[in-house]
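Text of the file protein-v1.cif, holding mmCIF, C-alpha atoms and all ligand atoms:
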```
data_model
#
loop_
_atom_site.group_PDB
_atom_site.id
_atom_site.type_symbol
_atom_site.label_atom_id
_atom_site.label_comp_id
_atom_site.auth_asym_id
_atom_site.auth_seq_id
_atom_site.Cartn_x
_atom_site.Cartn_y
_atom_site.Cartn_z
ATOM 1 C CA MET A 1 0.000 0.000 0.000
ATOM 2 C CA VAL A 2 1.259 3.492 -0.841
ATOM 3 C CA GLU A 3 1.852 5.693 2.196
ATOM 4 C CA GLN A 4 -0.694 8.458 2.613
ATOM 5 C CA GLU A 5 0.727 11.867 1.708
ATOM 6 C CA VAL A 6 -0.814 15.320 1.858
ATOM 7 C CA ILE A 7 -0.114 18.777 0.403
ATOM 8 C CA GLY A 8 -0.357 22.055 2.298
ATOM 9 C CA VAL A 9 -0.210 25.395 0.488
ATOM 10 C CA ASP A 10 -0.011 28.840 2.087
ATOM 11 C CA ALA A 11 -0.969 31.330 -0.641
ATOM 12 C CA GLY A 12 -0.092 34.764 0.741
ATOM 13 C CA ALA A 13 0.038 38.182 -0.865
ATOM 14 C CA THR A 14 3.764 37.905 -1.653
ATOM 15 C CA TRP A 15 4.664 34.211 -1.701
ATOM 16 C CA ILE A 16 2.983 30.912 -2.373
ATOM 17 C CA LYS A 17 4.605 28.354 -0.073
ATOM 18 C CA GLY A 18 3.695 24.746 -0.727
ATOM 19 C CA ALA A 19 4.867 21.475 0.803
ATOM 20 C CA ARG A 20 4.233 17.752 0.610
ATOM 21 C CA TYR A 21 4.001 15.963 3.964
ATOM 22 C CA SER A 22 3.729 12.419 5.252
ATOM 23 C CA ALA A 23 0.608 11.348 7.186
ATOM 24 C CA GLU A 24 2.631 12.203 10.342
ATOM 25 C CA LEU A 25 3.183 15.738 8.928
ATOM 26 C CA GLU A 26 6.895 15.216 8.318
ATOM 27 C CA LEU A 27 8.135 17.549 5.582
ATOM 28 C CA LEU A 28 8.963 15.663 2.364
ATOM 29 C CA GLN A 29 9.307 18.425 -0.238
ATOM 30 C CA GLU A 30 8.777 22.190 -0.337
ATOM 31 C CA ILE A 31 8.347 24.832 -3.042
ATOM 32 C CA LYS A 32 8.210 28.606 -2.820
ATOM 33 C CA GLN A 33 7.022 30.756 -5.705
ATOM 34 C CA ALA A 34 6.200 34.454 -6.118
ATOM 35 C CA SER A 35 2.495 35.067 -5.710
ATOM 36 C CA ALA A 36 0.675 36.743 -8.591
ATOM 37 C CA ALA A 37 -1.922 38.263 -6.251
ATOM 38 C CA ALA A 38 -1.374 41.808 -7.542
ATOM 39 C CA GLU A 39 -2.248 40.671 -11.091
ATOM 40 C CA GLY A 40 -5.736 39.562 -10.152
ATOM 41 C CA SER A 41 -7.530 36.370 -9.219
ATOM 42 C CA VAL A 42 -6.944 34.372 -12.430
ATOM 43 C CA ALA A 43 -3.143 34.770 -12.299
ATOM 44 C CA TYR A 44 -3.189 34.137 -8.537
ATOM 45 C CA PHE A 45 -5.193 30.898 -8.831
ATOM 46 C CA ASP A 46 -2.962 29.790 -11.736
ATOM 47 C CA ALA A 47 0.141 30.255 -9.566
ATOM 48 C CA ILE A 48 -1.414 28.217 -6.731
ATOM 49 C CA ALA A 49 -2.357 25.459 -9.184
ATOM 50 C CA GLU A 50 1.223 25.366 -10.527
ATOM 51 C CA VAL A 51 2.666 24.847 -7.051
ATOM 52 C CA VAL A 52 0.323 21.934 -6.367
ATOM 53 C CA ALA A 53 1.017 20.377 -9.778
ATOM 54 C CA ALA A 54 4.763 20.565 -9.096
ATOM 55 C CA LEU A 55 4.336 18.842 -5.714
ATOM 56 C CA ALA A 56 2.049 16.083 -7.022
ATOM 57 C CA PRO A 57 2.426 15.710 -10.812
ATOM 58 C CA GLU A 58 0.193 12.614 -10.870
ATOM 59 C CA GLY A 59 -2.542 14.154 -8.700
ATOM 60 C CA GLY A 60 -4.553 12.070 -6.260
ATOM 61 C CA VAL A 61 -3.064 13.671 -3.132
ATOM 62 C CA PRO A 62 -5.356 15.573 -0.718
ATOM 63 C CA VAL A 63 -4.695 19.333 -0.731
ATOM 64 C CA GLY A 64 -5.196 21.884 2.033
ATOM 65 C CA LEU A 65 -5.040 25.550 1.073
ATOM 66 C CA SER A 66 -4.487 28.490 3.437
ATOM 67 C CA LEU A 67 -5.755 31.850 2.113
ATOM 68 C CA PRO A 68 -5.650 35.376 3.595
ATOM 69 C CA ALA A 69 -9.371 35.657 2.922
ATOM 70 C CA LEU A 70 -12.775 35.904 4.526
ATOM 71 C CA LEU A 71 -14.486 32.648 3.563
ATOM 72 C CA SER A 72 -18.092 31.530 3.722
ATOM 73 C CA ARG A 73 -19.199 29.318 6.607
ATOM 74 C CA ASP A 74 -18.905 26.189 4.425
ATOM 75 C CA SER A 75 -15.367 27.343 3.379
ATOM 76 C CA LYS A 76 -16.200 26.959 -0.299
ATOM 77 C CA THR A 77 -16.480 30.608 -1.286
ATOM 78 C CA ILE A 78 -14.156 33.615 -0.956
ATOM 79 C CA LEU A 79 -16.274 36.496 0.314
ATOM 80 C CA ALA A 80 -13.457 39.072 0.400
ATOM 81 C CA MET A 81 -9.693 39.127 0.021
ATOM 82 C CA ALA A 82 -7.757 42.339 0.584
ATOM 83 C CA ASN A 83 -4.640 41.498 -1.443
ATOM 84 C CA VAL A 84 -6.152 40.299 -4.720
ATOM 85 C CA THR A 85 -7.272 43.297 -6.749
ATOM 86 C CA ASP A 86 -10.524 41.913 -8.137
ATOM 87 C CA LEU A 87 -11.562 40.164 -4.891
ATOM 88 C CA GLN A 88 -11.244 43.114 -2.515
ATOM 89 C CA THR A 89 -14.854 44.185 -2.317
ATOM 90 C CA GLY A 90 -16.542 40.806 -2.289
ATOM 91 C CA ASP A 91 -18.951 41.915 -5.043
ATOM 92 C CA GLN A 92 -18.132 38.800 -7.028
ATOM 93 C CA PRO A 93 -17.696 35.908 -4.646
ATOM 94 C CA GLN A 94 -15.410 33.203 -6.025
ATOM 95 C CA VAL A 95 -16.387 29.611 -5.451
ATOM 96 C CA VAL A 96 -12.860 28.465 -4.723
ATOM 97 C CA LYS A 97 -13.893 24.857 -4.181
ATOM 98 C CA ASP A 98 -15.116 24.592 -7.802
ATOM 99 C CA ILE A 99 -12.083 26.418 -9.243
ATOM 100 C CA PHE A 100 -9.566 23.968 -7.811
ATOM 101 C CA THR A 101 -11.640 20.811 -7.983
ATOM 102 C CA GLU A 102 -11.739 21.404 -11.722
ATOM 103 C CA ARG A 103 -8.064 22.326 -12.120
ATOM 104 C CA TRP A 104 -6.680 19.435 -10.129
ATOM 105 C CA ASN A 105 -9.325 16.929 -11.064
ATOM 106 C CA THR A 106 -9.735 16.059 -7.405
ATOM 107 C CA ALA A 107 -12.461 16.535 -4.835
ATOM 108 C CA GLN A 108 -9.924 15.987 -2.026
ATOM 109 C CA PHE A 109 -9.487 19.668 -1.401
ATOM 110 C CA VAL A 110 -10.103 21.949 1.600
ATOM 111 C CA VAL A 111 -9.519 25.663 2.051
ATOM 112 C CA GLN A 112 -9.366 27.742 5.223
ATOM 113 C CA ASN A 113 -8.448 31.253 6.378
ATOM 114 C CA ASP A 114 -4.693 31.641 7.024
ATOM 115 C CA ALA A 115 -4.920 32.612 10.703
ATOM 116 C CA HIS A 116 -7.276 29.676 11.269
ATOM 117 C CA CYS A 117 -4.711 27.359 9.624
ATOM 118 C CA ALA A 118 -1.974 28.790 11.858
ATOM 119 C CA ALA A 119 -4.182 28.203 14.916
ATOM 120 C CA LEU A 120 -4.759 24.586 13.856
ATOM 121 C CA ALA A 121 -1.011 24.090 13.396
ATOM 122 C CA GLU A 122 -0.261 25.526 16.850
ATOM 123 C CA TRP A 123 -2.904 23.300 18.428
ATOM 124 C CA LYS A 124 -1.613 20.172 16.686
ATOM 125 C CA LEU A 125 2.182 20.675 16.661
ATOM 126 C CA GLY A 126 2.946 23.702 18.843
ATOM 127 C CA TRP A 127 1.762 24.789 22.288
ATOM 128 C CA GLY A 128 -1.561 23.002 22.067
ATOM 129 C CA SER A 129 0.152 19.651 21.459
ATOM 130 C CA GLY A 130 -3.251 18.166 20.758
ATOM 131 C CA GLU A 131 -3.989 16.588 24.101
ATOM 132 C CA VAL A 132 -2.550 19.148 26.520
ATOM 133 C CA SER A 133 -4.906 22.004 25.700
ATOM 134 C CA ARG A 134 -8.557 21.609 24.895
ATOM 135 C CA SER A 135 -8.743 25.023 23.248
ATOM 136 C CA LEU A 136 -6.244 27.425 21.747
ATOM 137 C CA LEU A 137 -6.598 31.048 20.670
ATOM 138 C CA HIS A 138 -3.975 32.166 18.142
ATOM 139 C CA LEU A 139 -3.151 35.682 16.979
ATOM 140 C CA THR A 140 -0.851 36.509 14.046
ATOM 141 C CA TRP A 141 0.646 39.988 14.380
ATOM 142 C CA GLY A 142 1.535 41.380 10.955
ATOM 143 C CA THR A 143 0.250 43.774 8.316
ATOM 144 C CA GLY A 144 -3.130 42.626 9.523
ATOM 145 C CA ILE A 145 -4.181 40.978 12.784
ATOM 146 C CA GLY A 146 -5.332 37.423 12.092
ATOM 147 C CA VAL A 147 -7.077 35.416 14.804
ATOM 148 C CA GLY A 148 -8.107 31.775 14.964
ATOM 149 C CA PHE A 149 -9.784 29.741 17.717
ATOM 150 C CA VAL A 150 -9.477 25.945 17.857
ATOM 151 C CA VAL A 151 -11.499 23.683 20.161
ATOM 152 C CA GLU A 152 -10.486 20.023 20.361
ATOM 153 C CA GLY A 153 -8.839 20.167 16.957
ATOM 154 C CA LEU A 154 -11.690 21.917 15.176
ATOM 155 C CA VAL A 155 -11.387 25.509 14.011
ATOM 156 C CA GLN A 156 -14.352 27.707 14.926
ATOM 157 C CA TYR A 157 -16.056 29.846 12.275
ATOM 158 C CA GLY A 158 -15.862 33.622 12.544
ATOM 159 C CA TRP A 159 -13.203 34.938 14.935
ATOM 160 C CA GLU A 160 -12.404 37.988 12.819
ATOM 161 C CA ALA A 161 -11.186 39.383 16.110
ATOM 162 C CA GLY A 162 -8.491 41.625 14.628
ATOM 163 C CA HIS A 163 -11.501 43.871 14.041
ATOM 164 C CA LEU A 164 -12.543 43.815 17.701
ATOM 165 C CA PRO A 165 -13.159 47.424 18.771
ATOM 166 C CA VAL A 166 -10.801 48.137 21.681
ATOM 167 C CA SER A 167 -10.559 51.938 21.824
ATOM 168 C CA TRP A 168 -13.066 54.741 22.420
ATOM 169 C CA GLU A 169 -10.853 57.194 20.593
ATOM 170 C CA ALA A 170 -10.133 57.170 16.856
ATOM 171 C CA ALA A 171 -6.530 56.247 16.014
ATOM 172 C CA ASP A 172 -4.497 58.159 13.418
ATOM 173 C CA TRP A 173 -4.714 54.981 11.317
ATOM 174 C CA ARG A 174 -7.481 53.128 9.550
ATOM 175 C CA CYS A 175 -7.747 49.349 9.436
ATOM 176 C CA GLY A 176 -8.292 47.838 5.968
ATOM 177 C CA CYS A 177 -11.921 47.289 7.034
ATOM 178 C CA GLY A 178 -12.431 51.025 7.606
ATOM 179 C CA SER A 179 -12.348 51.054 11.431
ATOM 180 C CA THR A 180 -10.179 53.490 13.401
ATOM 181 C CA VAL A 181 -10.888 51.885 16.786
ATOM 182 C CA ASP A 182 -10.259 48.157 16.230
ATOM 183 C CA LEU A 183 -7.190 46.172 17.305
ATOM 184 C CA GLU A 184 -5.792 46.149 13.777
ATOM 185 C CA ALA A 185 -6.099 49.957 13.443
ATOM 186 C CA LEU A 186 -4.080 50.299 16.654
ATOM 187 C CA ILE A 187 -1.330 47.704 16.323
ATOM 188 C CA ALA A 188 -0.966 46.745 12.624
ATOM 189 C CA VAL A 189 2.756 46.578 11.779
ATOM 190 C CA PRO A 190 2.613 49.366 9.131
ATOM 191 C CA ARG A 191 1.147 51.769 11.722
ATOM 192 C CA LEU A 192 3.859 50.979 14.276
ATOM 193 C CA VAL A 193 6.610 51.429 11.676
ATOM 194 C CA GLU A 194 5.025 54.735 10.660
ATOM 195 C CA GLN A 195 4.965 55.826 14.319
ATOM 196 C CA ALA A 196 8.652 54.919 14.633
ATOM 197 C CA ARG A 197 9.545 56.870 11.483
ATOM 198 C CA ALA A 198 7.659 59.964 12.697
ATOM 199 C CA ALA A 199 9.309 59.770 16.120
ATOM 200 C CA VAL A 200 12.817 59.336 14.670
ATOM 201 C CA THR A 201 12.196 62.350 12.417
ATOM 202 C CA ALA A 202 10.888 64.457 15.323
ATOM 203 C CA GLY A 203 13.802 63.373 17.542
ATOM 204 C CA ILE A 204 11.875 63.716 20.826
ATOM 205 C CA VAL A 205 12.531 60.266 22.295
ATOM 206 C CA ALA A 206 16.061 58.910 22.700
ATOM 207 C CA THR A 207 16.841 56.214 20.138
ATOM 208 C CA LYS A 208 19.663 54.734 18.066
ATOM 209 C CA ILE A 209 17.189 53.713 15.351
ATOM 210 C CA THR A 210 17.703 55.511 12.014
ATOM 211 C CA LEU A 211 15.274 56.179 9.151
ATOM 212 C CA PRO A 212 17.128 53.951 6.629
ATOM 213 C CA GLU A 213 16.776 51.035 9.085
ATOM 214 C CA LEU A 214 12.995 51.473 8.946
ATOM 215 C CA ALA A 215 12.824 51.746 5.151
ATOM 216 C CA ASP A 216 12.053 48.072 4.475
ATOM 217 C CA ILE A 217 8.667 47.204 6.000
ATOM 218 C CA ARG A 218 9.546 43.468 5.896
ATOM 219 C CA GLU A 219 12.652 43.977 8.065
ATOM 220 C CA ALA A 220 11.308 46.724 10.353
ATOM 221 C CA PRO A 221 9.239 44.499 12.713
ATOM 222 C CA LYS A 222 12.244 42.355 13.621
ATOM 223 C CA LEU A 223 14.419 45.446 14.072
ATOM 224 C CA LEU A 224 11.921 47.170 16.385
ATOM 225 C CA SER A 225 11.473 43.997 18.372
ATOM 226 C CA GLN A 226 15.216 43.449 18.822
ATOM 227 C CA ARG A 227 15.895 47.092 19.713
ATOM 228 C CA ALA A 228 13.120 47.056 22.311
ATOM 229 C CA SER A 229 14.716 43.931 23.701
ATOM 230 C CA SER A 230 18.127 45.625 24.008
ATOM 231 C CA GLY A 231 16.662 48.654 25.804
ATOM 232 C CA ASP A 232 15.993 51.256 23.093
ATOM 233 C CA ALA A 233 13.585 53.778 24.665
ATOM 234 C CA LEU A 234 11.644 54.584 21.486
ATOM 235 C CA ALA A 235 11.154 50.960 20.435
ATOM 236 C CA GLN A 236 10.038 50.112 23.989
ATOM 237 C CA GLN A 237 7.565 52.996 24.039
ATOM 238 C CA ILE A 238 5.916 52.114 20.700
ATOM 239 C CA LEU A 239 5.792 48.371 21.268
ATOM 240 C CA GLY A 240 4.840 48.756 24.949
ATOM 241 C CA GLU A 241 1.749 50.751 23.967
ATOM 242 C CA ALA A 242 0.884 48.267 21.206
ATOM 243 C CA LEU A 243 1.214 45.362 23.665
ATOM 244 C CA THR A 244 -1.187 47.075 26.075
ATOM 245 C CA TRP A 245 -3.787 47.268 23.287
ATOM 246 C CA MET A 246 -3.103 43.640 22.438
ATOM 247 C CA ALA A 247 -3.539 42.636 26.097
ATOM 248 C CA ARG A 248 -6.918 44.385 26.236
ATOM 249 C CA GLY A 249 -7.946 42.738 22.965
ATOM 250 C CA LEU A 250 -6.903 39.300 24.233
ATOM 251 C CA LEU A 251 -8.776 39.816 27.517
ATOM 252 C CA GLY A 252 -11.893 40.738 25.530
ATOM 253 C CA MET A 253 -11.576 37.659 23.309
ATOM 254 C CA SER A 254 -10.869 35.434 26.308
ATOM 255 C CA VAL A 255 -13.939 36.408 28.303
ATOM 256 C CA ILE A 256 -15.963 35.119 25.330
ATOM 257 C CA SER A 257 -13.931 31.971 24.616
ATOM 258 C CA PHE A 258 -12.075 30.939 27.830
ATOM 259 C CA PRO A 259 -9.039 29.546 25.962
ATOM 260 C CA ASP A 260 -6.675 27.068 27.652
ATOM 261 C CA ARG A 261 -3.767 28.525 25.711
ATOM 262 C CA VAL A 262 -3.050 31.710 23.752
ATOM 263 C CA THR A 263 -0.269 31.893 21.141
ATOM 264 C CA ILE A 264 1.077 34.971 19.344
ATOM 265 C CA GLY A 265 2.869 34.615 15.993
ATOM 266 C CA GLY A 266 4.210 36.954 13.328
ATOM 267 C CA ALA A 267 7.520 38.706 12.683
ATOM 268 C CA MET A 268 6.968 41.268 15.449
ATOM 269 C CA MET A 269 7.161 38.596 18.191
ATOM 270 C CA ALA A 270 10.883 38.175 17.574
ATOM 271 C CA SER A 271 12.084 38.490 21.176
ATOM 272 C CA ASP A 272 11.230 37.379 24.711
ATOM 273 C CA TRP A 273 10.971 41.036 25.782
ATOM 274 C CA LEU A 274 7.685 41.213 23.845
ATOM 275 C CA LEU A 275 6.222 38.167 25.561
ATOM 276 C CA GLU A 276 7.253 39.409 29.005
ATOM 277 C CA THR A 277 5.856 42.895 28.327
ATOM 278 C CA LEU A 278 2.606 41.436 26.970
ATOM 279 C CA ARG A 279 2.260 39.263 30.075
ATOM 280 C CA GLU A 280 2.813 42.291 32.319
ATOM 281 C CA ALA A 281 0.157 44.218 30.359
ATOM 282 C CA ILE A 282 -2.300 41.323 30.761
ATOM 283 C CA GLU A 283 -1.730 41.208 34.525
ATOM 284 C CA ALA A 284 -2.062 45.018 34.754
ATOM 285 C CA ASN A 285 -5.351 45.008 32.803
ATOM 286 C CA ARG A 286 -7.064 41.982 34.395
ATOM 287 C CA GLN A 287 -9.899 43.119 36.604
ATOM 288 C CA GLY A 288 -13.360 41.951 37.589
ATOM 289 C CA PHE A 289 -14.799 38.897 35.899
ATOM 290 C CA VAL A 290 -12.288 39.122 33.043
ATOM 291 C CA SER A 291 -9.545 37.983 35.417
ATOM 292 C CA ARG A 292 -11.178 34.527 35.467
ATOM 293 C CA ALA A 293 -10.811 34.232 31.690
ATOM 294 C CA LEU A 294 -7.085 34.717 31.123
ATOM 295 C CA GLU A 295 -3.857 34.665 33.100
ATOM 296 C CA ALA A 296 -0.533 35.900 31.745
ATOM 297 C CA ARG A 297 1.106 32.469 32.064
ATOM 298 C CA GLN A 298 -1.340 30.997 29.508
ATOM 299 C CA VAL A 299 0.145 33.222 26.773
ATOM 300 C CA GLN A 300 3.119 32.024 24.683
ATOM 301 C CA ARG A 301 5.025 32.956 21.550
ATOM 302 C CA ALA A 302 3.919 30.735 18.647
ATOM 303 C CA LYS A 303 6.270 27.823 17.964
ATOM 304 C CA LEU A 304 5.723 27.257 14.259
ATOM 305 C CA GLY A 305 6.713 30.518 12.535
ATOM 306 C CA ASN A 306 6.458 30.751 8.751
ATOM 307 C CA GLU A 307 5.442 27.151 8.295
ATOM 308 C CA ALA A 308 2.243 27.443 10.346
ATOM 309 C CA GLY A 309 -0.131 28.242 7.474
ATOM 310 C CA ARG A 310 0.802 25.397 5.173
ATOM 311 C CA VAL A 311 1.185 22.710 7.825
ATOM 312 C CA GLY A 312 -2.165 23.719 9.365
ATOM 313 C CA ALA A 313 -3.772 23.477 5.926
ATOM 314 C CA ALA A 314 -2.182 20.063 5.363
ATOM 315 C CA TRP A 315 -3.522 18.793 8.681
ATOM 316 C CA LEU A 316 -6.983 20.067 7.771
ATOM 317 C CA ALA A 317 -6.806 18.027 4.543
ATOM 318 C CA LEU A 318 -5.671 14.955 6.505
ATOM 319 C CA GLN A 319 -8.581 15.397 8.919
ATOM 320 C CA ALA A 320 -10.980 15.533 5.968
ATOM 321 C CA PHE A 321 -9.570 12.828 3.705
ATOM 322 C CA SER A 322 -7.485 10.357 5.715
ATOM 323 C CA ARG A 323 -7.846 6.868 4.341
HETATM 324 ZN ZN ZN B 401 -10.677 46.218 11.003
#
```

Would you put the structure from the file into structure tokens?
Amino acid sequence: MVEQEVIGVDAGATWIKGARYSAELELLQEIKQASAAAEGSVAYFDAIAEVVAALAPEGGVPVGLSLPALLSRDSKTILAMANVTDLQTGDQPQVVKDIFTERWNTAQFVVQNDAHCAALAEWKLGWGSGEVSRSLLHLTWGTGIGVGFVVEGLVQYGWEAGHLPVSWEAADWRCGCGSTVDLEALIAVPRLVEQARAAVTAGIVATKITLPELADIREAPKLLSQRASSGDALAQQILGEALTWMARGLLGMSVISFPDRVTIGGAMMASDWLLETLREAIEANRQGFVSRALEARQVQRAKLGNEAGRVGAAWLALQAFSR
């Protein structure tokens, strides 16, 4: 009998990262290709199809796909997708299930939101470790704030909690959804980098950070995180404030969901200083009934990093189509 294999693909705005795994989720082969998201949905879907075809030329392997998209409850239709030009508004929903079933000539195909896939991966292979935690709340801190909630291995629908309103005052930044008071408006990486640039230019807070160091938005999160860790006053001020907003957001989410474990992923979480500061902010903001819902020690940095999306998607496909 041929060993069961499975494919996981994380189709982001910049890269499409695909991999073939064993039934035990051991990595067998991986491929990374530039995403064609900026060229529209047809080019983007073509690029995803190419990656899968390269990983399984003969077909017949279950595929799990992780997309930065708002999907319908049955996960068959893209309702909105910020990074693909013709899918931004959701005026023309795309039935993604039909698109790929046709292209790959297989019905063994599942698709899920990227933060939900990352949450599944953390529950299965990271801090959840399957049996240890019944439920796990995961937050990915990046250009957007992705959230996923997993209970006993099953991802829960909804949880667009990056758009949780957390402030009474409008921020000087607008979330992609239009809000100026939600968690994403307050702590999205581009806003924090912009704050750092403005502060360096104004020269009011002591810092060794320079404008050229903040020029590349892909490198800036790691830089800010490391500088905060080594004591830079400006980096600590900006990230400290962001972590207080995150703590309030997590407390709000937790009083609804009572998670056993909370994990935070994304490039910004590049040092232990961030975890310690977040834990302090959670302790400082716990009061009343909310303090029953979350304690600082339940919060961890995500273990899986960049691989979370595709391995979570692969596990989803295994759950659905294991022989
Ligand atoms: Zn929003």

> Do you have the atom CA of A:Ile145-atom CA of A:Val96 distance handy?
Replying inline: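 Computed distance, atom CA of A:Ile145 to atom CA of A:Val96, equals 23.2 Å.
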
Contacts of ligand ZN 401 (chain B), 9 Å or closer, all atoms listed in the file, given as a PDB file with C-alpha atoms, in the coordinates of the input:
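Listed below is the output, out.pdb:
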```pdb
ATOM      1  CA  GLY A 144      -3.130  42.626   9.523  1.00  0.00           C
ATOM      2  CA  ILE A 145      -4.181  40.978  12.784  1.00  0.00           C
ATOM      3  CA  GLU A 160     -12.404  37.988  12.819  1.00  0.00           C
ATOM      4  CA  ALA A 161     -11.186  39.383  16.110  1.00  0.00           C
ATOM      5  CA  GLY A 162      -8.491  41.625  14.628  1.00  0.00           C
ATOM      6  CA  HIS A 163     -11.501  43.871  14.041  1.00  0.00           C
ATOM      7  CA  LEU A 164     -12.543  43.815  17.701  1.00  0.00           C
ATOM      8  CA  PRO A 165     -13.159  47.424  18.771  1.00  0.00           C
ATOM      9  CA  ARG A 174      -7.481  53.128   9.550  1.00  0.00           C
ATOM     10  CA  CYS A 175      -7.747  49.349   9.436  1.00  0.00           C
ATOM     11  CA  GLY A 176      -8.292  47.838   5.968  1.00  0.00           C
ATOM     12  CA  CYS A 177     -11.921  47.289   7.034  1.00  0.00           C
ATOM     13  CA  GLY A 178     -12.431  51.025   7.606  1.00  0.00           C
ATOM     14  CA  SER A 179     -12.348  51.054  11.431  1.00  0.00           C
ATOM     15  CA  THR A 180     -10.179  53.490  13.401  1.00  0.00           C
ATOM     16  CA  VAL A 181     -10.888  51.885  16.786  1.00  0.00           C
ATOM     17  CA  ASP A 182     -10.259  48.157  16.230  1.00  0.00           C
ATOM     18  CA  LEU A 183      -7.190  46.172  17.305  1.00  0.00           C
ATOM     19  CA  GLU A 184      -5.792  46.149  13.777  1.00  0.00           C
ATOM     20  CA  ALA A 185      -6.099  49.957  13.443  1.00  0.00           C
TER      21      ALA A 185
END
```

> For A:Ile187, which residue among A:Ser133, A:Thr207, A:Gln236, A:Thr244 is the nearest when counting all atoms listed in the file?
Replying inline: A:Thr244

> Within 8 Å of (-3.3, 35.3, 13.2), in the coordinates the file gives, what residues turn up when you count all atoms listed in the file, written out as a PyMOL selection string?
Replying inline: chain A and resi 114-116+118-119+138-141+145-148+264-266

Please evaluate the PyMOL selection byres (((chain A and resi 113) around 8) and not hetatm) against the displayed coordinates and give the resulting residues as a PDB file with C-alpha atoms, in the coordinates of the input.
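The result, written out as result.pdb:
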```
ATOM      1  CA  SER A  66      -4.487  28.490   3.437  1.00  0.00           C
ATOM      2  CA  LEU A  67      -5.755  31.850   2.113  1.00  0.00           C
ATOM      3  CA  PRO A  68      -5.650  35.376   3.595  1.00  0.00           C
ATOM      4  CA  ALA A  69      -9.371  35.657   2.922  1.00  0.00           C
ATOM      5  CA  LEU A  70     -12.775  35.904   4.526  1.00  0.00           C
ATOM      6  CA  LEU A  71     -14.486  32.648   3.563  1.00  0.00           C
ATOM      7  CA  VAL A 111      -9.519  25.663   2.051  1.00  0.00           C
ATOM      8  CA  GLN A 112      -9.366  27.742   5.223  1.00  0.00           C
ATOM      9  CA  ASP A 114      -4.693  31.641   7.024  1.00  0.00           C
ATOM     10  CA  ALA A 115      -4.920  32.612  10.703  1.00  0.00           C
ATOM     11  CA  HIS A 116      -7.276  29.676  11.269  1.00  0.00           C
ATOM     12  CA  CYS A 117      -4.711  27.359   9.624  1.00  0.00           C
TER      13      CYS A 117
END
```

>> Take the PyMOL selection byres (((chain A and resi 149) around 6) and not hetatm), run it mentally on this structure, and tell me the resulting residues as a ChimeraX atom specification.
In response: /A:136-137,148,150,155-156

Could you save those same residues with C-alpha atoms as a PDB file, in the coordinates of the input?
```
ATOM      1  CA  LEU A 136      -6.244  27.425  21.747  1.00  0.00           C
ATOM      2  CA  LEU A 137      -6.598  31.048  20.670  1.00  0.00           C
ATOM      3  CA  GLY A 148      -8.107  31.775  14.964  1.00  0.00           C
ATOM      4  CA  VAL A 150      -9.477  25.945  17.857  1.00  0.00           C
ATOM      5  CA  VAL A 155     -11.387  25.509  14.011  1.00  0.00           C
ATOM      6  CA  GLN A 156     -14.352  27.707  14.926  1.00  0.00           C
TER       7      GLN A 156
END
```

>> Translate the PyMOL selection byres (((chain A and resi 51-54) around 12) and not hetatm) into a concrete residue list for this structure, as a ChimeraX atom specification.
In response: /A:6-11,15-20,29-35,44-50,55-65,100,103-106,109

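For A:Gln298, the set of protein, DNA and RNA residues having any atom at most 8 Å away, when counting all atoms listed in the file and skipping those fewer than 5 positions along the same chain, is Asp260, Arg261 and Val262 of chain A.
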
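Taking atom CA of A:Glu241 and atom CA of A:Arg197 as endpoints, the distance between them is 15.9 Å.
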
>> What does the structure give for the distance between atom CA of A:Ser225 and atom CA of A:Ala198, in Å to one decimal?
In response: 17.4 Å

Kindly provide, as JSON, the centre and edge lengths (Å, one decimal) of an axis-aligned box around all atoms of stretch 154-164 of chain A given in the file, with 6 Å on each side.
```
{"center_x": -12.3, "center_y": 32.9, "center_z": 15.0, "size_x": 19.6, "size_y": 34.0, "size_z": 17.4}
```

>> Using all atoms listed in the file for the distances, tell me which of A:Glu169, A:Glu24, A:Glu122, A:Glu5 is nearest to A:Val151.
In response: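 That would be A:Glu122, the residue with the smallest distance to A:Val151.
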
>> Give me, as an NGL selection string, all polymer residues having an atom no more than 7 Å from A:Val311, counting all atoms listed in the file and skipping those fewer than 3 positions away in the same chain.
In response: :A and (8 or 121 or 307-308 or 314-315)

>> Using only C-alpha atoms for the distances, tell me which of A:Trp173, A:Thr143, A:Glu283, A:Glu276 is nearest to A:Arg218.
In response: A:Thr143

> Need the neighbours of (-5.2, 41.2, 28.8): which residues are at most 8 Å away, counting only C-alpha atoms, as number ranges by chain?
Replying inline: A: 244, 246-252, 279, 281-286, 294-296

>> Just want the 10 Å neighbourhood of A:Lys208, counted on all atoms listed in the file, with same-chain residues fewer than 4 positions away dropped. Output as an MDAnalysis selection string.
In response: chainID A and resid 200 227 232:235

>> When you count only C-alpha atoms, which of these residues is closest to A:Arg134: A:Trp245, A:Pro259, A:Asp74, A:Ala293?
In response: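 Result for the nearest residue to A:Arg134: A:Pro259.
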
> Which one is closest to A:Gly231: A:Ala199, A:Ile209, A:Leu275, A:Ala215? Count only C-alpha atoms.
Replying inline: A:Ile209
